[in-house]
$ cat protein-v3.cif   # mmCIF, C-alpha atoms and all ligand atoms
data_coords
#
loop_
_atom_site.group_PDB
_atom_site.id
_atom_site.type_symbol
_atom_site.label_atom_id
_atom_site.label_comp_id
_atom_site.auth_asym_id
_atom_site.auth_seq_id
_atom_site.Cartn_x
_atom_site.Cartn_y
_atom_site.Cartn_z
ATOM 1 C CA MET A 25 13.186 78.316 -4.511
ATOM 2 C CA ASP A 26 12.390 81.180 -6.818
ATOM 3 C CA LEU A 27 12.676 80.913 -10.542
ATOM 4 C CA CYS A 28 15.992 82.715 -10.679
ATOM 5 C CA ALA A 29 17.716 80.480 -8.123
ATOM 6 C CA ARG A 30 16.360 77.409 -9.830
ATOM 7 C CA SER A 31 17.666 78.461 -13.217
ATOM 8 C CA ILE A 32 21.168 78.635 -11.708
ATOM 9 C CA PHE A 33 20.795 75.472 -9.671
ATOM 10 C CA MET A 34 19.526 73.125 -12.372
ATOM 11 C CA PRO A 35 22.413 73.445 -14.833
ATOM 12 C CA TRP A 36 24.861 72.894 -11.969
ATOM 13 C CA LEU A 37 23.110 69.711 -10.917
ATOM 14 C CA LEU A 38 23.112 68.508 -14.496
ATOM 15 C CA LEU A 39 26.811 69.263 -14.875
ATOM 16 C CA LEU A 40 27.612 67.428 -11.646
ATOM 17 C CA LEU A 41 25.675 64.380 -12.789
ATOM 18 C CA MET A 42 27.432 64.430 -16.153
ATOM 19 C CA VAL A 43 30.859 64.664 -14.572
ATOM 20 C CA GLN A 44 30.042 61.843 -12.207
ATOM 21 C CA LEU A 45 28.729 59.689 -15.044
ATOM 22 C CA LEU A 46 31.820 60.402 -17.105
ATOM 23 C CA LEU A 47 34.130 59.473 -14.240
ATOM 24 C CA SER A 48 32.333 56.262 -13.393
ATOM 25 C CA CYS A 49 32.390 55.243 -17.069
ATOM 26 C CA SER A 50 36.111 55.863 -17.337
ATOM 27 C CA GLY A 51 36.659 53.784 -14.195
ATOM 28 C CA ALA A 52 38.450 56.639 -12.476
ATOM 29 C CA ILE A 53 36.398 56.280 -9.305
ATOM 30 C CA THR A 54 37.209 53.290 -7.153
ATOM 31 C CA PRO A 55 35.131 52.362 -4.111
ATOM 32 C CA LYS A 56 37.887 53.798 -1.867
ATOM 33 C CA ILE A 57 37.244 57.329 -3.096
ATOM 34 C CA HIS A 58 34.303 59.375 -1.906
ATOM 35 C CA VAL A 59 33.351 62.212 -4.231
ATOM 36 C CA GLY A 60 33.505 65.616 -2.554
ATOM 37 C CA ILE A 61 35.720 64.572 0.350
ATOM 38 C CA THR A 62 39.428 65.256 0.161
ATOM 39 C CA GLN A 63 41.264 63.304 2.781
ATOM 40 C CA LYS A 64 43.971 65.102 4.737
ATOM 41 C CA ILE A 65 47.225 63.304 5.421
ATOM 42 C CA GLN A 66 49.816 64.279 8.007
ATOM 43 C CA VAL A 67 53.392 63.038 7.618
ATOM 44 C CA THR A 68 55.761 63.186 10.584
ATOM 45 C CA ILE A 69 59.454 62.385 10.221
ATOM 46 C CA GLN A 70 61.563 61.826 13.352
ATOM 47 C CA ASN A 71 65.358 61.718 13.390
ATOM 48 C CA TYR A 72 66.411 58.474 15.114
ATOM 49 C CA LEU A 73 69.851 58.225 13.489
ATOM 50 C CA GLU A 74 71.970 55.965 15.669
ATOM 51 C CA GLY A 75 75.008 58.268 15.378
ATOM 52 C CA HIS A 76 72.884 61.305 16.446
ATOM 53 C CA GLN A 77 73.730 63.107 13.183
ATOM 54 C CA ASP A 78 71.732 66.000 11.779
ATOM 55 C CA LEU A 79 69.356 64.734 9.103
ATOM 56 C CA THR A 80 68.493 66.727 5.997
ATOM 57 C CA VAL A 81 65.109 65.778 4.548
ATOM 58 C CA HIS A 82 63.972 67.004 1.144
ATOM 59 C CA CYS A 83 60.498 65.966 0.005
ATOM 60 C CA LYS A 84 58.763 66.631 -3.289
ATOM 61 C CA SER A 85 55.659 65.644 -5.165
ATOM 62 C CA LYS A 86 54.865 66.095 -8.830
ATOM 63 C CA ASN A 87 53.569 69.612 -8.039
ATOM 64 C CA ASP A 88 55.322 70.634 -4.831
ATOM 65 C CA ASP A 89 58.900 71.013 -3.681
ATOM 66 C CA LEU A 90 58.825 71.255 0.115
ATOM 67 C CA GLY A 91 62.485 72.307 0.265
ATOM 68 C CA ALA A 92 65.380 70.860 2.236
ATOM 69 C CA LYS A 93 64.763 70.748 6.012
ATOM 70 C CA LEU A 94 67.376 70.215 8.683
ATOM 71 C CA VAL A 95 66.110 67.845 11.378
ATOM 72 C CA LYS A 96 68.283 67.515 14.455
ATOM 73 C CA TYR A 97 68.583 64.239 16.365
ATOM 74 C CA MET A 98 65.234 63.461 18.055
ATOM 75 C CA ASP A 99 63.585 66.419 16.357
ATOM 76 C CA THR A 100 60.631 66.028 14.019
ATOM 77 C CA TYR A 101 59.595 67.487 10.693
ATOM 78 C CA GLU A 102 55.959 67.480 9.707
ATOM 79 C CA PHE A 103 53.886 68.361 6.678
ATOM 80 C CA ASN A 104 50.264 68.015 5.617
ATOM 81 C CA PHE A 105 48.623 67.573 2.247
ATOM 82 C CA SER A 106 45.336 66.476 0.719
ATOM 83 C CA LEU A 107 44.971 63.279 -1.241
ATOM 84 C CA ASN A 108 44.224 63.468 -4.910
ATOM 85 C CA LEU A 109 40.646 62.349 -5.499
ATOM 86 C CA PHE A 110 41.794 60.355 -8.499
ATOM 87 C CA GLY A 111 44.729 58.612 -6.862
ATOM 88 C CA GLY A 112 48.407 58.850 -7.639
ATOM 89 C CA THR A 113 49.508 61.155 -4.796
ATOM 90 C CA LEU A 114 53.207 60.540 -4.263
ATOM 91 C CA PHE A 115 55.676 62.341 -1.979
ATOM 92 C CA PHE A 116 59.280 61.214 -2.490
ATOM 93 C CA CYS A 117 62.130 62.315 -0.244
ATOM 94 C CA SER A 118 65.861 62.228 0.114
ATOM 95 C CA PHE A 119 67.424 61.657 3.555
ATOM 96 C CA GLN A 120 70.978 62.921 3.964
ATOM 97 C CA TRP A 121 73.520 62.864 6.719
ATOM 98 C CA PRO A 122 77.317 63.112 6.470
ATOM 99 C CA GLY A 123 78.565 60.680 3.822
ATOM 100 C CA VAL A 124 75.139 59.122 3.219
ATOM 101 C CA CYS A 125 72.127 59.849 1.028
ATOM 102 C CA HIS A 126 69.054 57.602 0.771
ATOM 103 C CA ARG A 127 65.732 57.956 -0.978
ATOM 104 C CA PHE A 128 62.291 56.755 0.103
ATOM 105 C CA ASP A 129 58.677 57.374 -0.966
ATOM 106 C CA ILE A 130 57.269 58.775 2.264
ATOM 107 C CA TYR A 131 53.693 58.726 0.959
ATOM 108 C CA ASP A 132 52.497 56.599 -1.921
ATOM 109 C CA GLN A 133 48.715 56.700 -2.215
ATOM 110 C CA GLU A 134 48.573 53.254 -3.811
ATOM 111 C CA ARG A 135 50.585 51.777 -0.944
ATOM 112 C CA ASP A 136 49.387 53.887 1.980
ATOM 113 C CA GLN A 137 45.781 55.022 1.546
ATOM 114 C CA GLY A 138 43.768 53.291 4.254
ATOM 115 C CA ASN A 139 46.936 52.406 6.180
ATOM 116 C CA CYS A 140 47.757 55.797 7.657
ATOM 117 C CA LYS A 141 46.245 59.264 7.896
ATOM 118 C CA GLN A 142 48.859 60.247 10.429
ATOM 119 C CA CYS A 143 51.967 58.665 8.975
ATOM 120 C CA ILE A 144 54.653 58.760 11.649
ATOM 121 C CA TYR A 145 58.114 57.668 10.566
ATOM 122 C CA LYS A 146 61.268 57.097 12.584
ATOM 123 C CA ILE A 147 64.374 57.495 10.457
ATOM 124 C CA HIS A 148 67.072 54.988 11.390
ATOM 125 C CA GLU A 149 70.377 54.582 9.566
ATOM 126 C CA ASN A 150 69.312 51.207 8.149
ATOM 127 C CA GLU A 151 65.683 51.961 7.318
ATOM 128 C CA PRO A 152 62.672 54.179 7.825
ATOM 129 C CA SER A 153 59.934 52.612 9.953
ATOM 130 C CA ARG A 154 56.314 53.663 10.279
ATOM 131 C CA TYR A 155 54.139 53.541 13.367
ATOM 132 C CA ALA A 156 51.304 50.999 13.226
ATOM 133 C CA PRO A 157 48.710 52.192 15.778
ATOM 134 C CA ASN A 158 46.716 48.940 15.649
ATOM 135 C CA ASN A 159 49.467 46.923 17.342
ATOM 136 C CA ASN A 160 51.706 49.700 18.669
ATOM 137 C CA THR A 161 54.709 48.542 16.611
ATOM 138 C CA TYR A 162 56.790 50.020 13.808
ATOM 139 C CA ILE A 163 56.772 48.562 10.295
ATOM 140 C CA ARG A 164 60.168 48.642 8.613
ATOM 141 C CA PHE A 165 60.530 49.830 5.023
ATOM 142 C CA PRO A 166 63.629 49.501 2.835
ATOM 143 C CA TRP A 167 65.543 52.471 1.482
ATOM 144 C CA LYS A 168 65.438 52.659 -2.314
ATOM 145 C CA PRO A 169 68.352 50.624 -3.621
ATOM 146 C CA ASP A 170 70.196 53.246 -5.636
ATOM 147 C CA GLY A 171 71.162 56.099 -3.265
ATOM 148 C CA CYS A 172 70.557 59.711 -4.362
HETATM 149 C C1 LIG A 201 48.902 69.484 10.092
HETATM 150 O O1 LIG A 201 47.581 69.178 10.478
HETATM 151 C C2 LIG A 201 47.433 68.954 11.876
HETATM 152 C C3 LIG A 201 46.043 68.443 12.159
HETATM 153 O O2 LIG A 201 45.079 69.115 11.412
HETATM 154 C C4 LIG A 201 47.766 70.245 12.625
HETATM 155 O O3 LIG A 201 47.648 70.029 14.011
HETATM 156 C C5 LIG A 201 49.197 70.641 12.295
HETATM 157 O O4 LIG A 201 49.525 71.869 12.895
HETATM 158 C C6 LIG A 201 49.414 70.733 10.782
HETATM 159 N N1 LIG A 201 50.827 70.911 10.531
HETATM 160 C C7 LIG A 201 51.319 71.759 9.639
HETATM 161 C C8 LIG A 201 52.798 71.785 9.496
HETATM 162 O O5 LIG A 201 50.595 72.466 8.962
HETATM 163 C C1 LIG A 202 51.341 45.330 13.012
HETATM 164 O O1 LIG A 202 50.358 45.730 12.079
HETATM 165 C C2 LIG A 202 50.825 45.957 10.760
HETATM 166 C C3 LIG A 202 49.651 46.387 9.899
HETATM 167 O O2 LIG A 202 49.061 47.524 10.398
HETATM 168 C C4 LIG A 202 51.461 44.695 10.201
HETATM 169 O O3 LIG A 202 51.993 44.990 8.917
HETATM 170 C C5 LIG A 202 52.559 44.234 11.122
HETATM 171 O O4 LIG A 202 53.090 43.015 10.641
HETATM 172 C C6 LIG A 202 52.047 44.058 12.536
HETATM 173 N N1 LIG A 202 53.187 43.737 13.404
HETATM 174 C C7 LIG A 202 53.119 42.791 14.346
HETATM 175 C C8 LIG A 202 54.360 42.572 15.154
HETATM 176 O O5 LIG A 202 52.120 42.130 14.536
#

$ encode --input "protein-v3.cif" --output "structure tokens" --more "lines below"
Ligand SMILES: *[C@@H]1O[C@H](CO)[C@@H](O)[C@H](O)[C@H]1NC(C)=O
Ligand SMILES: *[C@@H]1O[C@H](CO)[C@@H](O)[C@H](O)[C@H]1NC(C)=O
Amino acid sequence: MDLCARSIFMPWLLLLLMVQLLLSCSGAITPKIHVGITQKIQVTIQNYLEGHQDLTVHCKSKNDDLGAKLVKYMDTYEFNFSLNLFGGTLFFCSFQWPGVCHRFDIYDQERDQGNCKQCIYKIHENEPSRYAPNNNTYIRFPWKPDGC
């Protein structure tokens, strides 16, 4: 490494070490999180409404509004995102069909990190359920209690 490259490299290394030290002191890094790797998550939502209605799904996070999507019976809607290194990633959605509106947190990092990278949900009238690849079953989740 020549002198010039080194003079750029060293301050960067120092800065990185300082940031890492700062984060570990503040307790922001948990053993789950690997510095420098942002984990990609894929959410798939499938319309399994028993009455074969069209489903309108509208998902948001603190920073993103994914817009309202019309999902026909047996169709799927999919989106990808990267997990926040520091935790707290949350995607919350409304699920609407004629006369009904429910809400559900489709991805909650605290609840879901380590449980699914490909989070595949079937939307039934009574509940969303998520595919569990380890035993080839679906885990049922409750709708939020208070509608939309
Ligand atoms: C999401 O990521 C998967 C795997 O990387 C890719 O196959 C898929 O096309 C992506 N979907 C969207 C909507 O970007
Ligand atoms: C399948 O595995 C999930 C965890 O991945 C667990 O919550 C669920 O109870 C299991 N279901 C059955 C029927 O064993």

$ residues_near_ligand --input "protein-v3.cif" --ligand "ligand LIG 202 (chain A)" --cutoff "10 Å" --atoms "all atoms listed in the file" --output "PyMOL selection string"
chain A and resi 138-140+154-164

$ residues_near_ligand --input "protein-v3.cif" --ligand "ligand LIG 201 (chain A)" --cutoff "6 Å" --atoms "only C-alpha atoms and all ligand atoms" --output "VMD selection string"
chain A and resid 66 102 to 104

$ resolve_selection --input "protein-v3.cif" --expression "the PyMOL selection byres (((chain A and resi 71-87) around 7) and not hetatm)" --output "PyMOL selection string"
chain A and resi 69-70+88-100+114-121+146-149

$ atom_distance --input "protein-v3.cif" --atom1 "atom CA of A:Lys141" --atom2 "atom CA of A:Lys64"
7.0 Å

$ closest_residue --input "protein-v3.cif" --among "A:Val67, A:Gly111, A:Thr62, A:Pro169" --to "A:Tyr131" --atoms "all atoms listed in the file"
A:Val67

$ atom_distance --input "protein-v3.cif" --atom1 "atom CA of A:Trp167" --atom2 "atom CA of A:Glu134"
17.8 Å

$ atom_distance --input "protein-v3.cif" --atom1 "atom CA of A:Ile65" --atom2 "atom CA of A:Ser106"
6.0 Å

$ closest_residue --input "protein-v3.cif" --among "A:Ser153, A:Ile144, A:Leu107, A:Cys172" --to "A:Asp132" --atoms "all atoms listed in the file"
A:Leu107
